[in-house]
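Since the structure comes first, as structure tokens, the remarks are kept for the end.
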Amino acid sequence: MAEPNDSTKSLAGFARAAGLCGMAAVGYLFVAALMTLAAPVGLGETGGVLYAGLAQCLALLLPGILAAKAGGLSLGSLGLRPGPKGAVRAWLPLFLGAAMAANLLAAGLRQLAGRSPEVTVLPAGGAALAAACLVSCLLPALLEEWMFRGVMEGLLAPYGDGATIVGQAVLFALLHSEPGQCLTALVCGLVLGLLARRAGSIRPGAALHLVNNLLAFASQWMNQYGAEDVALLLELVLAVGGPAWGLWALWHRRKRRPAWERPLRPGLAPWKLAVCPAYVVAAAALLARLVLS
């Protein structure tokens with residue numbers, strides 16, 4: 001019987017790592033559903049928001065820890081070290097520009113399809129609003145970066161940066177519950193995944209993720225409770241200024257790339273994800289959930 005060659009071993013390891021990523025994504029939905037079923041009554045507005053934050057934490061941490069342990073990852077391999085100085089400033093225009101451009105495209109597609117975006121009513125103020133900001137802005141910025149750009153990229157990293165970036169970004173996008181959000185999440189996941197590979201750390205991406213969440217939160221709150229003119233002005237600045245700023249930054253980087261950025265490592269092509277059975281099953285399940293919802 002012939003011994004498997006290195007490429008066969010590499011593909012088998014990649015399929016296992018990609019499968020662990022897929023199972024972690026499905027595990028997120030499973031834990032979130034259990035926490036929803038177990039939600040106590042009578043928590044009040046602030047308590048309800050904080051419980052949702054607890055559910056989000058457990059839904060990201062538990063599957064992420066299990067996937068990391070099964071894949072033999074240590075905390076030191078998850079990109080938790082401080083990022084290079086200036087990484088946030090250097091990538092902020094690119095990230096926000098890409099995110100706002102994706103938002104514009106998603107809004108146009110919704111308009112063509114005759115769909116309205118999903119809108120969550122925010123508390124008007126007080127402790128409930130502070131809790132909503134914590135749960136909607138800070139926790140996702142920290143925990144989603146840890147799970148997707150930390151654990152998932154850590155699992156896939158030995159097989160090349162292309163498949164690593166795409167593999168986590170697809171799952172990140174499919175976990176969002178609305179097609180427009182999926183598009184924006186896919187673009188953001190690709191940019192944040194690329195930044196994590198370039199910087200060797202998830203901390204700059206977490207900072208950018210937080211900035212994006214805060215801008216979205218502020219815009220939504222002003223639309224619901226603030227002056228309509230101020231909300232419209234903020235949306236206009238983000239919609240037009242964001243992509244323009246991003247294009248300027250992209251053109252500027254052609255002449256000067258930060259010295260700290262790591263070169264991307266070659267490896268398996270992203271399309272190889274399509275021959276990883278567990279990953280494909282997980283992605284198909286997430287896609288089916290999206291379509292049915």
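Note on naming: chains are A, B, ... as they come in the structure tokens, residues start from 1 per chain, ligands start from 1 in the order shown.
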
Please produce, as a Markdown table, a per-residue contact table for stretch 235-293 of chain A versus stretch 208-221 of chain A (criterion: any atom at most 12 Å away, only C-alpha atoms considered), showing the nearest atom pair and its distance in Å to one decimal, sorted by chain then residue number.
| residue | atom | partner | partner_atom | distance |
| --- | --- | --- | --- | --- |
| A:Glu235 | CA | A:Ser219 | CA | 6.9 |
| A:Leu236 | CA | A:Ser219 | CA | 10.6 |
| A:Val237 | CA | A:Ser219 | CA | 11.0 |
| A:Leu238 | CA | A:Leu215 | CA | 8.7 |
| A:Ala239 | CA | A:Ala216 | CA | 11.6 |
| A:Gly242 | CA | A:Asn212 | CA | 10.9 |

Would you write out those residues with all heavy atoms, as a compact mmCIF listing (two decimals), in the first residue's frame?
# COMPACT_ATOMS: atom_id res chain seq x y z
N GLU A 235 -24.99 59.69 8.59
CA GLU A 235 -25.11 58.64 7.59
C GLU A 235 -24.51 59.06 6.26
O GLU A 235 -23.89 58.26 5.56
CB GLU A 235 -26.58 58.25 7.42
CG GLU A 235 -27.16 57.52 8.62
CD GLU A 235 -28.62 57.18 8.43
OE1 GLU A 235 -29.19 57.58 7.38
OE2 GLU A 235 -29.20 56.51 9.30
N LEU A 236 -24.71 60.32 5.89
CA LEU A 236 -24.16 60.82 4.63
C LEU A 236 -22.63 60.85 4.68
O LEU A 236 -21.96 60.44 3.72
CB LEU A 236 -24.70 62.23 4.35
CG LEU A 236 -24.27 62.88 3.03
CD1 LEU A 236 -24.80 62.06 1.86
CD2 LEU A 236 -24.77 64.31 2.95
N VAL A 237 -22.09 61.30 5.81
CA VAL A 237 -20.62 61.33 5.95
C VAL A 237 -20.05 59.92 5.88
O VAL A 237 -19.04 59.68 5.21
CB VAL A 237 -20.24 62.00 7.28
CG1 VAL A 237 -18.75 61.82 7.57
CG2 VAL A 237 -20.56 63.49 7.23
N LEU A 238 -20.68 58.97 6.56
CA LEU A 238 -20.20 57.59 6.55
C LEU A 238 -20.34 56.96 5.17
O LEU A 238 -19.44 56.27 4.69
CB LEU A 238 -20.96 56.75 7.58
CG LEU A 238 -20.72 57.11 9.05
CD1 LEU A 238 -21.61 56.25 9.95
CD2 LEU A 238 -19.27 56.95 9.43
N ALA A 239 -21.47 57.22 4.51
CA ALA A 239 -21.74 56.58 3.22
C ALA A 239 -20.82 57.10 2.11
O ALA A 239 -20.34 56.33 1.28
CB ALA A 239 -23.20 56.79 2.83
N GLY A 242 -16.63 57.51 3.92
CA GLY A 242 -15.95 56.26 4.23
C GLY A 242 -15.29 55.62 3.02
O GLY A 242 -14.07 55.41 3.01

Closest atom pairs, stretch 160-241 of chain A residues within 12 Å of stretch 254-258 of chain A, only C-alpha atoms, as a Markdown table:
| residue | atom | partner | partner_atom | distance |
| --- | --- | --- | --- | --- |
| A:Leu195 | CA | A:Pro258 | CA | 11.9 |
| A:Arg198 | CA | A:Pro258 | CA | 10.0 |
| A:Ala199 | CA | A:Pro258 | CA | 10.1 |

Separation of atom CA of A:Ala196 from atom CA of A:Gly79 in Å = 7.5 Å

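Within 7 Å of stretch 287-291 of chain A there are A:Leu174, A:Ser177, A:Glu178, A:Ala283, A:Ala284, counting only C-alpha atoms and ignoring same-chain residues fewer than 3 positions away.
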
Just asking: which residues within stretch 146-262 of chain A are helix (DSSP H, G or I) according to DSSP, as a ChimeraX atom specification?
-> /A:146-159,161-174,179-199,203-224,228-253
